[in-house]
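Novice: If it helps, the file is called work-v6.csv and holds CSV, C-alpha atoms:
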```csv
chain,number,residue,atom,x,y,z
H,1,MET,CA,-176.8,-158.1,83.6
H,2,GLU,CA,-175.7,-160.6,86.2
H,3,ARG,CA,-174.0,-162.5,83.3
H,4,VAL,CA,-171.9,-159.4,82.6
H,5,ILE,CA,-171.1,-158.4,86.2
H,6,SER,CA,-170.2,-161.8,87.4
H,7,PRO,CA,-167.3,-162.4,85.0
H,8,LEU,CA,-166.1,-158.9,85.7
H,9,PHE,CA,-166.2,-159.5,89.4
H,10,GLN,CA,-164.4,-162.7,89.1
H,11,ALA,CA,-161.7,-161.1,87.0
H,12,ILE,CA,-161.2,-158.3,89.5
H,13,LYS,CA,-161.1,-160.8,92.4
H,14,GLY,CA,-158.6,-162.9,90.5
H,15,GLU,CA,-156.4,-159.9,89.9
H,16,ILE,CA,-156.6,-158.9,93.6
H,17,ILE,CA,-155.6,-162.5,94.6
H,18,MET,CA,-152.7,-162.4,92.1
H,19,ASP,CA,-151.5,-159.1,93.6
H,20,GLU,CA,-151.7,-160.5,97.1
H,21,PHE,CA,-149.7,-163.5,95.9
H,22,TRP,CA,-146.8,-161.3,94.6
H,23,VAL,CA,-147.0,-159.1,97.6
H,24,LYS,CA,-146.5,-162.1,99.9
H,25,ILE,CA,-143.7,-163.4,97.7
H,26,LEU,CA,-142.0,-160.0,97.7
H,27,PHE,CA,-142.5,-159.7,101.5
H,28,MET,CA,-141.0,-163.1,102.1
H,29,VAL,CA,-138.0,-162.3,99.8
H,30,VAL,CA,-137.3,-159.0,101.5
H,31,VAL,CA,-137.6,-160.5,105.0
H,32,GLY,CA,-135.3,-163.4,104.0
H,33,ALA,CA,-132.8,-161.1,102.5
H,34,VAL,CA,-132.8,-158.8,105.6
H,35,ILE,CA,-132.5,-161.8,107.9
H,36,GLY,CA,-129.7,-163.4,105.8
H,37,GLY,CA,-127.7,-160.3,105.4
H,38,PHE,CA,-128.1,-159.3,109.1
H,39,THR,CA,-127.2,-162.8,110.2
H,40,ASN,CA,-124.0,-162.8,108.3
H,41,LEU,CA,-123.1,-159.3,109.4
H,42,LEU,CA,-123.8,-160.3,113.0
H,43,ALA,CA,-121.7,-163.4,112.6
H,44,ILE,CA,-118.8,-161.3,111.3
H,45,ARG,CA,-119.2,-158.8,114.1
H,46,MET,CA,-119.3,-161.6,116.7
H,47,LEU,CA,-115.8,-162.7,115.6
H,48,PHE,CA,-114.4,-159.7,117.5
H,49,ARG,CA,-117.2,-158.3,119.6
H,50,PRO,CA,-117.8,-157.9,122.4
H,51,TYR,CA,-114.2,-157.5,123.4
H,52,LYS,CA,-114.8,-158.6,127.0
H,53,PRO,CA,-117.3,-161.0,128.7
H,54,ILE,CA,-120.7,-159.6,129.7
H,55,PHE,CA,-122.2,-160.7,133.0
H,56,ILE,CA,-125.9,-160.5,133.9
H,57,PHE,CA,-126.8,-161.3,137.5
H,58,GLY,CA,-123.4,-162.7,138.0
H,59,LYS,CA,-123.5,-165.1,135.1
H,60,GLN,CA,-121.6,-164.8,131.9
H,61,VAL,CA,-123.7,-164.2,128.8
H,62,PRO,CA,-123.1,-166.9,126.2
H,63,LEU,CA,-121.0,-166.0,123.2
H,64,THR,CA,-119.2,-163.2,125.1
H,65,PRO,CA,-116.6,-162.2,124.5
H,66,GLY,CA,-116.3,-162.6,120.8
H,67,LEU,CA,-114.6,-165.6,119.2
H,68,ILE,CA,-111.2,-164.0,118.6
H,69,PRO,CA,-110.9,-162.2,122.0
H,70,LYS,CA,-111.9,-165.5,123.7
H,71,ARG,CA,-109.4,-167.6,121.7
H,72,GLN,CA,-106.7,-164.9,121.3
H,73,ASP,CA,-104.1,-166.9,123.3
H,74,GLU,CA,-104.8,-170.1,121.4
H,75,LEU,CA,-104.8,-168.2,118.1
H,76,ALA,CA,-101.5,-166.6,119.0
H,77,LYS,CA,-100.0,-170.0,119.7
H,78,GLN,CA,-101.3,-171.6,116.5
H,79,LEU,CA,-100.3,-168.6,114.4
H,80,GLY,CA,-96.8,-168.7,115.8
H,81,LYS,CA,-96.6,-172.4,114.9
H,82,LEU,CA,-98.0,-171.7,111.5
H,83,VAL,CA,-95.4,-169.0,110.8
H,84,VAL,CA,-92.5,-171.2,111.9
H,85,ASP,CA,-93.7,-174.5,110.3
H,86,HIS,CA,-95.0,-173.2,107.0
H,87,LEU,CA,-94.3,-169.5,106.3
H,88,ILE,CA,-90.9,-168.5,107.7
H,89,THR,CA,-88.9,-171.8,107.6
H,90,PRO,CA,-85.1,-172.1,107.7
H,91,GLU,CA,-85.2,-173.6,104.2
H,92,SER,CA,-87.2,-170.7,102.7
H,93,ILE,CA,-85.1,-168.0,104.3
H,94,GLN,CA,-81.9,-169.8,103.4
H,95,SER,CA,-82.9,-170.2,99.8
H,96,LYS,CA,-83.9,-166.5,99.6
H,97,VAL,CA,-81.1,-164.9,101.6
H,98,ILE,CA,-78.1,-167.2,101.3
H,99,ASN,CA,-77.7,-167.7,97.5
H,100,ASP,CA,-75.2,-166.6,94.9
H,101,ALA,CA,-77.2,-163.5,93.9
H,102,SER,CA,-77.7,-162.2,97.5
H,103,ILE,CA,-74.1,-162.9,98.4
H,104,LYS,CA,-72.9,-161.0,95.3
H,105,ASN,CA,-75.2,-158.0,96.3
H,106,MET,CA,-74.0,-158.2,99.9
H,107,LYS,CA,-70.4,-158.0,98.7
H,108,ILE,CA,-71.1,-154.9,96.7
H,109,PHE,CA,-73.0,-153.3,99.6
H,110,VAL,CA,-70.3,-154.1,102.2
H,111,GLN,CA,-67.5,-153.0,99.9
H,112,SER,CA,-69.3,-149.6,99.3
H,113,GLU,CA,-69.8,-149.1,103.0
H,114,VAL,CA,-66.3,-150.1,104.0
H,115,LYS,CA,-64.8,-147.9,101.3
H,116,LYS,CA,-66.8,-144.9,102.7
H,117,ALA,CA,-65.6,-145.7,106.2
H,118,LEU,CA,-62.0,-146.0,105.3
H,119,SER,CA,-62.0,-142.8,103.3
H,120,THR,CA,-63.3,-140.5,106.0
H,121,GLU,CA,-61.3,-137.6,107.3
H,122,LYS,CA,-62.5,-138.2,110.8
H,123,SER,CA,-60.1,-139.9,113.3
H,124,THR,CA,-60.7,-143.1,115.1
H,125,ALA,CA,-61.2,-141.2,118.3
H,126,GLN,CA,-63.8,-138.9,116.7
H,127,LEU,CA,-65.7,-141.9,115.4
H,128,LEU,CA,-65.7,-143.5,118.8
H,129,ASP,CA,-66.8,-140.3,120.4
H,130,GLN,CA,-69.8,-140.3,118.1
H,131,LEU,CA,-70.6,-143.7,119.5
H,132,GLY,CA,-70.5,-142.4,123.0
H,133,MET,CA,-67.0,-143.6,123.9
H,134,LYS,CA,-65.5,-140.4,125.3
H,135,ASN,CA,-61.7,-140.1,125.9
H,136,SER,CA,-61.3,-143.3,123.9
H,137,SER,CA,-57.6,-142.6,123.3
H,138,LEU,CA,-56.7,-142.5,127.0
H,139,THR,CA,-59.0,-145.4,127.7
H,140,MET,CA,-57.4,-147.6,124.9
H,141,GLU,CA,-53.9,-146.7,126.1
H,142,GLN,CA,-54.7,-147.6,129.7
H,143,ARG,CA,-56.4,-150.9,128.6
H,144,LEU,CA,-53.4,-151.8,126.4
H,145,GLN,CA,-51.0,-151.2,129.3
H,146,THR,CA,-53.2,-153.2,131.6
H,147,PHE,CA,-53.5,-156.0,129.1
H,148,VAL,CA,-49.7,-156.2,128.6
H,149,LEU,CA,-49.0,-156.0,132.3
H,150,GLY,CA,-51.6,-158.7,132.9
H,151,LYS,CA,-50.0,-160.9,130.3
H,152,TYR,CA,-46.6,-160.3,132.0
H,153,GLU,CA,-48.0,-161.2,135.5
H,154,THR,CA,-49.6,-164.4,134.1
H,155,TRP,CA,-46.4,-165.4,132.4
H,156,LEU,CA,-44.5,-164.6,135.6
H,157,LEU,CA,-46.9,-166.7,137.7
H,158,GLU,CA,-46.3,-169.7,135.4
H,159,ASN,CA,-42.5,-169.3,135.1
H,160,ARG,CA,-41.5,-167.8,138.5
H,161,LYS,CA,-39.4,-170.8,139.6
H,162,LYS,CA,-37.8,-171.4,136.2
H,163,SER,CA,-34.2,-170.4,135.5
H,164,LEU,CA,-33.2,-168.0,132.7
H,165,GLN,CA,-31.6,-171.0,131.0
H,166,GLU,CA,-35.0,-172.7,130.8
H,167,ILE,CA,-36.8,-169.6,129.7
H,168,ILE,CA,-34.4,-168.2,127.1
H,169,PRO,CA,-34.5,-170.1,123.8
H,170,LEU,CA,-31.3,-172.2,123.1
H,171,ASN,CA,-30.5,-170.3,119.9
H,172,ILE,CA,-30.5,-167.0,121.8
H,173,GLN,CA,-28.2,-168.5,124.4
H,174,GLN,CA,-25.8,-169.7,121.7
H,175,LYS,CA,-25.9,-166.3,120.0
H,176,ALA,CA,-25.1,-164.6,123.3
H,177,LEU,CA,-22.1,-166.9,123.8
H,178,LYS,CA,-20.8,-166.3,120.3
H,179,SER,CA,-21.2,-162.5,120.7
H,180,ILE,CA,-19.0,-162.4,123.9
H,181,PRO,CA,-15.7,-162.0,122.1
H,182,ASP,CA,-17.1,-159.2,120.0
H,183,ILE,CA,-18.5,-157.5,123.1
H,184,SER,CA,-15.2,-158.0,124.9
H,185,GLN,CA,-13.3,-156.4,122.0
H,186,TYR,CA,-15.8,-153.5,122.0
H,187,ILE,CA,-15.4,-152.9,125.7
H,188,VAL,CA,-11.6,-153.1,125.5
H,189,THR,CA,-11.6,-150.6,122.5
H,190,LYS,CA,-13.8,-148.2,124.3
H,191,GLY,CA,-11.8,-148.5,127.5
H,192,LYS,CA,-8.6,-147.7,125.6
H,193,GLU,CA,-10.3,-144.7,124.0
H,194,TYR,CA,-11.6,-143.5,127.3
H,195,PHE,CA,-8.3,-143.8,129.3
H,196,ASN,CA,-6.4,-142.3,126.3
H,197,SER,CA,-8.6,-139.2,126.4
H,198,THR,CA,-8.2,-136.1,128.5
H,199,GLU,CA,-11.3,-137.0,130.5
H,200,GLY,CA,-10.1,-140.5,131.1
H,201,LYS,CA,-6.7,-139.3,132.2
H,202,GLY,CA,-8.3,-136.8,134.6
H,203,ARG,CA,-10.6,-139.4,136.0
H,204,LEU,CA,-7.6,-141.8,136.5
H,205,GLU,CA,-5.6,-139.1,138.3
H,206,GLU,CA,-8.5,-138.4,140.7
H,207,MET,CA,-8.7,-142.1,141.5
H,208,LEU,CA,-4.9,-142.1,142.2
H,209,ASP,CA,-5.2,-139.1,144.5
H,210,ASP,CA,-8.0,-140.7,146.4
H,211,PHE,CA,-6.0,-143.9,146.7
H,212,PHE,CA,-2.8,-142.3,148.1
H,213,LYS,CA,-4.7,-139.8,150.2
H,214,GLU,CA,-5.6,-142.7,152.5
H,215,ARG,CA,-2.1,-144.1,152.6
H,216,GLY,CA,-0.1,-141.2,153.9
H,217,LYS,CA,3.6,-141.0,152.9
H,218,MET,CA,3.4,-143.8,150.3
H,219,ILE,CA,3.2,-141.3,147.5
H,220,ASN,CA,6.4,-139.6,148.6
H,221,LEU,CA,8.2,-142.9,148.6
H,222,ILE,CA,7.0,-143.7,145.1
H,223,GLN,CA,7.9,-140.2,143.9
H,224,MET,CA,11.5,-140.9,144.9
H,225,PHE,CA,11.7,-143.7,142.4
H,226,ILE,CA,10.0,-142.0,139.5
H,227,GLY,CA,11.8,-138.6,139.9
H,228,ASN,CA,10.1,-135.4,138.7
H,229,GLU,CA,7.5,-137.2,136.4
H,230,LYS,CA,3.9,-137.4,137.5
H,231,LEU,CA,2.7,-140.8,138.5
H,232,ILE,CA,-0.2,-140.5,136.1
H,233,ASP,CA,2.2,-140.2,133.2
H,234,LYS,CA,3.7,-143.5,134.2
H,235,ILE,CA,0.4,-145.4,134.9
H,236,GLN,CA,-1.6,-144.2,131.9
H,237,PRO,CA,0.6,-145.8,129.2
H,238,GLU,CA,0.7,-149.0,131.1
H,239,ILE,CA,-3.1,-149.1,131.3
H,240,ILE,CA,-3.3,-148.5,127.5
H,241,LYS,CA,-0.7,-151.3,126.9
H,242,PHE,CA,-3.0,-153.5,129.0
H,243,PHE,CA,-5.9,-152.8,126.7
H,244,ASP,CA,-3.7,-153.4,123.6
H,245,GLN,CA,-2.8,-156.9,124.6
H,246,SER,CA,-4.8,-159.7,123.0
H,247,ARG,CA,-4.9,-161.6,126.2
H,248,THR,CA,-7.0,-158.7,127.7
H,249,VAL,CA,-9.8,-159.5,125.3
H,250,ASP,CA,-9.5,-163.3,126.1
H,251,LEU,CA,-9.5,-162.6,129.8
H,252,LEU,CA,-12.5,-160.4,129.6
H,253,SER,CA,-14.3,-163.0,127.4
H,254,VAL,CA,-13.6,-165.7,129.9
H,255,ILE,CA,-14.9,-163.6,132.8
H,256,MET,CA,-18.1,-162.6,130.8
H,257,GLU,CA,-18.8,-166.2,129.8
H,258,LYS,CA,-18.4,-167.3,133.4
H,259,GLU,CA,-20.7,-164.6,134.6
H,260,LEU,CA,-23.2,-165.4,131.9
H,261,ARG,CA,-23.2,-169.1,132.9
H,262,ASN,CA,-23.9,-168.0,136.5
H,263,LEU,CA,-26.6,-165.6,135.4
H,264,GLU,CA,-28.4,-168.4,133.4
H,265,LYS,CA,-28.9,-170.2,136.7
H,266,TRP,CA,-30.9,-167.4,138.2
H,267,ASP,CA,-34.6,-168.0,138.5
H,268,ILE,CA,-37.2,-165.4,137.3
H,269,ASP,CA,-38.2,-164.7,140.9
H,270,LYS,CA,-34.6,-163.6,141.8
H,271,VAL,CA,-34.4,-161.4,138.7
H,272,GLU,CA,-37.7,-159.7,139.6
H,273,SER,CA,-36.7,-159.1,143.2
H,274,LEU,CA,-33.3,-157.7,142.0
H,275,ILE,CA,-34.9,-155.2,139.6
H,276,GLY,CA,-38.1,-154.6,141.6
H,277,LYS,CA,-41.7,-155.5,140.7
H,278,GLU,CA,-42.9,-151.9,140.6
H,279,THR,CA,-39.9,-150.9,138.5
H,280,ILE,CA,-40.7,-153.6,136.0
H,281,GLY,CA,-44.4,-152.6,135.9
H,282,THR,CA,-43.6,-149.0,135.3
H,283,LEU,CA,-41.1,-149.9,132.6
H,284,ILE,CA,-43.7,-152.1,130.9
H,285,LYS,CA,-46.2,-149.3,130.9
H,286,GLU,CA,-43.7,-146.7,129.6
H,287,LYS,CA,-42.4,-149.0,126.9
H,288,THR,CA,-45.9,-150.0,125.8
H,289,GLY,CA,-46.7,-146.3,125.3
H,290,GLU,CA,-43.5,-145.8,123.4
H,291,TRP,CA,-43.8,-148.9,121.2
H,292,ILE,CA,-47.5,-148.5,120.5
H,293,PRO,CA,-48.5,-144.8,120.7
H,294,VAL,CA,-52.2,-145.4,120.9
H,295,ALA,CA,-53.2,-141.7,121.4
H,296,SER,CA,-51.3,-140.4,118.3
H,297,ILE,CA,-52.5,-143.3,116.2
H,298,MET,CA,-56.2,-142.7,117.2
H,299,GLU,CA,-55.9,-139.0,116.5
H,300,LYS,CA,-54.9,-139.5,112.9
H,301,PRO,CA,-57.6,-139.5,110.1
H,302,VAL,CA,-58.8,-143.0,109.3
H,303,ARG,CA,-58.0,-142.3,105.6
H,304,GLU,CA,-54.4,-141.7,106.5
H,305,LEU,CA,-54.1,-144.8,108.7
H,306,THR,CA,-55.6,-147.1,106.0
H,307,ALA,CA,-54.1,-145.4,102.9
H,308,ASN,CA,-51.6,-148.3,102.2
H,309,PHE,CA,-54.0,-151.2,102.6
H,310,ALA,CA,-57.5,-149.7,102.0
H,311,ASP,CA,-57.8,-151.2,98.5
H,312,THR,CA,-56.7,-154.6,99.8
H,313,ILE,CA,-59.3,-154.5,102.5
H,314,VAL,CA,-62.1,-153.5,100.1
H,315,ASN,CA,-61.2,-155.7,97.1
H,316,LYS,CA,-59.8,-158.8,98.9
H,317,GLY,CA,-60.7,-158.6,102.6
H,318,VAL,CA,-64.4,-157.8,102.2
H,319,PRO,CA,-65.3,-160.6,99.7
H,320,ILE,CA,-63.5,-163.1,101.8
H,321,PHE,CA,-65.3,-161.9,104.9
H,322,VAL,CA,-68.7,-162.1,103.2
H,323,GLU,CA,-68.0,-165.5,101.8
H,324,LYS,CA,-66.8,-166.8,105.2
H,325,ALA,CA,-69.9,-165.3,106.9
H,326,ALA,CA,-72.2,-166.9,104.3
H,327,ASP,CA,-70.5,-170.3,104.8
H,328,TYR,CA,-70.9,-169.9,108.6
H,329,LEU,CA,-74.6,-169.1,108.2
H,330,ILE,CA,-75.2,-172.0,105.9
H,331,VAL,CA,-73.6,-174.4,108.4
H,332,HIS,CA,-75.1,-172.8,111.5
H,333,PHE,CA,-78.4,-171.4,110.1
H,334,GLN,CA,-80.6,-174.1,111.5
H,335,PRO,CA,-79.5,-173.8,115.2
H,336,LEU,CA,-79.4,-170.0,114.9
H,337,PHE,CA,-82.9,-170.0,113.5
H,338,GLN,CA,-84.1,-172.1,116.3
H,339,LYS,CA,-82.5,-169.8,118.9
H,340,LEU,CA,-84.6,-166.9,117.5
H,341,HIS,CA,-87.8,-168.6,118.8
H,342,LEU,CA,-89.9,-166.9,116.2
H,343,ASP,CA,-93.0,-168.8,117.3
H,344,ASP,CA,-92.7,-167.3,120.8
H,345,ILE,CA,-92.2,-163.9,119.3
H,346,VAL,CA,-95.3,-164.2,117.1
H,347,GLU,CA,-97.3,-165.6,120.0
H,348,GLU,CA,-96.2,-162.9,122.4
H,349,GLN,CA,-97.0,-160.1,119.9
H,350,VAL,CA,-100.4,-161.5,118.9
H,351,SER,CA,-101.3,-162.1,122.6
H,352,SER,CA,-100.5,-158.6,123.5
H,353,PHE,CA,-102.2,-157.1,120.4
H,354,SER,CA,-105.2,-154.9,120.9
H,355,VAL,CA,-108.4,-156.7,119.8
H,356,SER,CA,-109.9,-153.4,118.5
H,357,ARG,CA,-106.7,-152.7,116.5
H,358,LEU,CA,-106.8,-156.3,115.2
H,359,GLU,CA,-110.4,-155.9,114.1
H,360,GLU,CA,-109.7,-152.6,112.5
H,361,MET,CA,-106.7,-154.2,110.6
H,362,VAL,CA,-108.6,-157.3,109.5
H,363,VAL,CA,-111.7,-155.3,108.4
H,364,SER,CA,-109.6,-152.8,106.5
H,365,ILE,CA,-107.8,-155.6,104.6
H,366,THR,CA,-110.9,-157.8,104.0
H,367,LYS,CA,-113.5,-155.0,103.7
H,368,LYS,CA,-114.6,-156.0,100.2
H,369,GLU,CA,-114.7,-159.7,101.0
H,370,LEU,CA,-116.7,-159.1,104.2
H,371,SER,CA,-119.2,-156.9,102.3
H,372,MET,CA,-119.6,-159.7,99.7
H,373,ILE,CA,-120.3,-162.2,102.5
H,374,THR,CA,-123.0,-159.9,103.9
H,375,TYR,CA,-124.5,-159.5,100.4
H,376,LEU,CA,-124.3,-163.2,99.8
H,377,GLY,CA,-126.2,-163.8,103.0
H,378,ALA,CA,-128.8,-161.4,101.9
H,379,LEU,CA,-129.0,-163.1,98.4
H,380,LEU,CA,-129.3,-166.5,100.0
H,381,GLY,CA,-131.9,-165.2,102.4
H,382,GLY,CA,-133.9,-163.7,99.6
H,383,ILE,CA,-133.8,-167.0,97.6
H,384,ILE,CA,-134.9,-168.9,100.6
H,385,GLY,CA,-137.7,-166.3,101.2
H,386,LEU,CA,-138.8,-166.7,97.6
H,387,PHE,CA,-139.0,-170.4,98.0
H,388,GLN,CA,-140.8,-170.2,101.3
H,389,GLY,CA,-143.2,-167.7,99.7
H,390,PHE,CA,-144.2,-170.0,96.9
H,391,VAL,CA,-144.6,-172.9,99.3
H,392,THR,CA,-146.7,-170.9,101.7
H,393,VAL,CA,-149.0,-169.5,99.0
H,394,LEU,CA,-149.4,-172.9,97.4
H,395,LEU,CA,-150.1,-174.6,100.7
H,396,GLY,CA,-152.5,-171.8,101.7
```
As C-alpha cells, what does this structure read like?

Specialist:
Amino acid sequence: MERVISPLFQAIKGEIIMDEFWVKILFMVVVGAVIGGFTNLLAIRMLFRPYKPIFIFGKQVPLTPGLIPKRQDELAKQLGKLVVDHLITPESIQSKVINDASIKNMKIFVQSEVKKALSTEKSTAQLLDQLGMKNSSLTMEQRLQTFVLGKYETWLLENRKKSLQEIIPLNIQQKALKSIPDISQYIVTKGKEYFNSTEGKGRLEEMLDDFFKERGKMINLIQMFIGNEKLIDKIQPEIIKFFDQSRTVDLLSVIMEKELRNLEKWDIDKVESLIGKETIGTLIKEKTGEWIPVASIMEKPVRELTANFADTIVNKGVPIFVEKAADYLIVHFQPLFQKLHLDDIVEEQVSSFSVSRLEEMVVSITKKELSMITYLGALLGGIIGLFQGFVTVLLG
C-alpha cells in the first residue's frame, strides 16, 4: 500500500511544485510588465507635467516642473536656431519660391488680378473710399497743389538772386529775340485795325477832347486852320499812315528788343515782388487745378481711364514688373531674410506657447507612437520579469 501511495503522493507534490513555479513566473512577468509600462508612461507624462514647480515646506520637489516646462525657454531658442539653420533657410526658400515655374505662375496670377482691377466700373475715388480714404479727390487735389507750390518755393529759394537771363535757357532767349519783328508786325496790324474802326475812332476822339479840355482856347485856334472839318478826321488818317509805314515796325522792334534786354537783367526776387507772392501762389493753385483736374479724373471709372493702355499694362508691364521684382529678391534675398529674424519669431512664439496646449498638440500627433513606447516598456518589463522569475526559482 505504501508502495502505491508514495509514488502517487510524490507525483501530486511534483505537480503542485510545478504549478507554483509557473505561478511565480507569471507573477514576475505581470509585475515586470506593469512596472515597465507604468515607468514609460510616467516618463512620457513627466516630459510635460507638472506644469509648475511644486514646493513642500518651502523646498522645491525634484523633477518639478516637467522637463519641457522647465526648459521651455532653452527649447524655444534651440528650436528657433534649428528652423533658421536647417529647415527654413534662404537657399531652400529661394529654390522653391524664386524659380522659373514660380515666376511664371506669379506672372499669370498678377496679370489676372491687374486685369480685374483695370476693368472695374468703380472710380478711383470709390476704390480709395473702400480703403478708408474719404474725400480722396479733394485731398489729392490739395496735396498736388501743395506739392507744386512747394516745388516753386524751393526753386525760388535756390534762384532768388539769379537774373532772368541766367534762368531762361539760351534757345528760348534767341527765339524771343527772333519773334520780336513778328510781334511788332502783329501789334502794328492790330493797332491799325483798331484805330480804323468806329470804336477806335470814338476812343481817339475822347482822348482829343480830354486833351484840349485842359488847354482852354487852343482848340479854337486849331479849328481856324482846319476849317469846318473835325479834328478827328484829320488825325485819324495820319495815325493810320503811321501804322502803314515800315519804319513803324522797325521802331517798335527796336523798342521791344531794348526793353527785353532790360527785362533779362531783372532778378527773380524783383519779378516776384512786382507780381506779388500771394498772387503767384494763387495763380499756381488755379493753374494746377486747370491743367490737372484731379477731381474729374478720379471720379471717372478705372476702366475708362485705362482703356487705351490696359492691355499694355497687363501684357507688357506686369511681366516686366514681376521679373524685376524676382531679380531684386534674388539679389537682396539674403539680407531681407536676415531682417525677418525668424529665429526670434519662433523663439518668442514657443516661449509664449501654453504648455498644456503644447502637450495636447504633441500627444495628438504622436499618440500612436507614445502608446507603442508604453507597450514596449510593458513588453520589456515582462521579459525582464520572466528572466527574473526563472533565476529566482532556480536559485530558490

Novice: Within 9 Å of H:Lys161, counting only C-alpha atoms, which residues show up once you throw out same-chain ones fewer than 4 positions away? Write them as a ChimeraX atom specification, please.

Specialist: /H:156-157,267-270

Novice: Using only C-alpha atoms, which residues sit within 10 Å of H:Leu263 once same-chain residues fewer than 5 positions away are excluded, as number ranges by chain?

Specialist: H: 163-165, 257-258, 271

Novice: Quote the spacing between atom CA of H:Gly385 and atom CA of H:Val31 in Å to one decimal place.

Specialist: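 Distance between the two atoms: 6.9 Å.
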
Novice: So what do you get for atom CA of H:Arg143 versus atom CA of H:Pro293, distance-wise?

Specialist: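 One can read the atom CA of H:Arg143 to atom CA of H:Pro293 distance as 12.7 Å.
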
Novice: Taking all atoms listed in the file into account, name the residue in H:Ser273, H:Thr282, H:Gln78, H:Thr198 that is nearest to H:Glu348.

Specialist: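 Using all atoms listed in the file, H:Glu348 sits closest to H:Gln78.
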
Novice: Any idea what the distance is between atom CA of H:Gly389 and atom CA of H:Met28?

Specialist: 5.6 Å

Novice: Could you give me, as JSON lines, a per-residue list for stretch 51-130 of chain H showing, wherever an atom lies at most 7 Å from an atom of stretch 320-342 of chain H, the closest pair of atoms and their distance in Å to one decimal, using only C-alpha atoms and sorting by chain then residue number from low to high?

Specialist:
```
{"residue": "H:Val84", "atom": "CA", "partner": "H:Leu342", "partner_atom": "CA", "distance": 6.6}
{"residue": "H:Pro90", "atom": "CA", "partner": "H:Gln334", "partner_atom": "CA", "distance": 6.2}
{"residue": "H:Ile98", "atom": "CA", "partner": "H:Ala326", "partner_atom": "CA", "distance": 6.6}
{"residue": "H:Lys107", "atom": "CA", "partner": "H:Val322", "partner_atom": "CA", "distance": 6.3}
```

Novice: With all atoms listed in the file as the basis for distance, which of H:Lys201, H:Lys287, H:Lys162, H:Lys192 is at the shortest distance from H:Gln245?

Specialist: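 Of all the options, H:Lys192 lies closest to H:Gln245.
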
Novice: Residues near stretch 118-120 of chain H, anyone? I mean within 8 Å using all atoms listed in the file, not counting same-chain ones fewer than 5 positions away, as a list in words.

Specialist: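 What passes the distance filter is Pro301, Val302, Arg303, Thr306 and Ala310 of chain H.
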
Novice: Within 12 Å of (-95.7, -163.8, 119.6), in the coordinates the file gives, what residues turn up when you count all atoms listed in the file, written out as a list in words?

Specialist: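 Here the neighbourhood of the point contains Gln72, Asp73, Glu74, Leu75, Ala76, Lys77, Gln78, Leu79, Gly80, Lys81, Leu82, Val83, Val84, Leu340, His341, Leu342, Asp343, Asp344, Ile345, Val346, Glu347, Glu348, Gln349, Val350, Ser351, Ser352 and Phe353 of chain H.
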
Novice: Between H:Ala295, H:Val23, H:Ile93, H:Ile44, which has the minimum distance to H:Gln126 (counting only C-alpha atoms)?

Specialist: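 Using only C-alpha atoms, the shortest distance to H:Gln126 belongs to H:Ala295.
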
Novice: What's the 7 Å shell around H:Gly32, counting only C-alpha atoms, without same-chain residues fewer than 3 positions away, as a PDB file with C-alpha atoms, keeping the file's coordinate frame?

Specialist:
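Generated output (selection_30.pdb):
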```pdb
ATOM      1  CA  MET H  28    -141.000-163.100 102.100  1.00  0.00           C
ATOM      2  CA  VAL H  29    -138.000-162.300  99.800  1.00  0.00           C
ATOM      3  CA  ILE H  35    -132.500-161.800 107.900  1.00  0.00           C
ATOM      4  CA  GLY H  36    -129.700-163.400 105.800  1.00  0.00           C
ATOM      5  CA  GLY H 381    -131.900-165.200 102.400  1.00  0.00           C
ATOM      6  CA  GLY H 382    -133.900-163.700  99.600  1.00  0.00           C
ATOM      7  CA  ILE H 384    -134.900-168.900 100.600  1.00  0.00           C
ATOM      8  CA  GLY H 385    -137.700-166.300 101.200  1.00  0.00           C
TER       9      GLY H 385
END
```

Novice: Please identify all polymer residues within 9 Å of H:Ile180, counting all atoms listed in the file, omitting same-chain residues fewer than 6 positions from it, and present them as a list in words.

Specialist: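 The filter keeps Leu252, Ser253, Val254, Met256 and Glu257 of chain H.
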
Novice: Of the candidates H:Glu193, H:Ile275, H:Met298, H:Gly281, which shows the shortest atom-to-atom distance to H:Ile240, using all atoms listed in the file?

Specialist: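 Closest candidate: H:Glu193.
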
Novice: As lines of an AutoDock Vina configuration file, please: the centre and edge lengths in Å, to one decimal, of an axis-aligned box enclosing every listed atom of stretch 149-153 of chain H with 5 Å added on each side.

Specialist:
```
center_x = -49.1
center_y = -158.6
center_z = 132.9
size_x = 15.0
size_y = 15.2
size_z = 15.2
```

Novice: Which one of H:Ala101, H:Leu358, H:Leu47, H:Ile183 sits closest to H:Lys70 if you count all atoms listed in the file?

Specialist: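 When distances to H:Lys70 are compared using all atoms listed in the file, the smallest one comes from H:Leu47.
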
Novice: Quick one: contact table of stretch 312-388 of chain H to stretch 51-60 of chain H, 12 Å max, nearest atom pair and distance in Å to one decimal per residue, counting only C-alpha atoms, chain and number order, as a tab-separated table?

Specialist:
```
residue	atom	partner	partner_atom	distance
H:Ser354	CA	H:Tyr51	CA	9.7
H:Val355	CA	H:Tyr51	CA	6.9
H:Ser356	CA	H:Tyr51	CA	7.7
H:Arg357	CA	H:Tyr51	CA	11.3
H:Leu358	CA	H:Tyr51	CA	11.1
H:Glu359	CA	H:Tyr51	CA	10.2
```

Novice: Restricting the calculation to all atoms listed in the file: of H:Thr124, H:Gln388, H:Thr366, H:Asn105, which residue gets closest to H:Pro319?

Specialist: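 Using all atoms listed in the file, H:Pro319 sits closest to H:Asn105.
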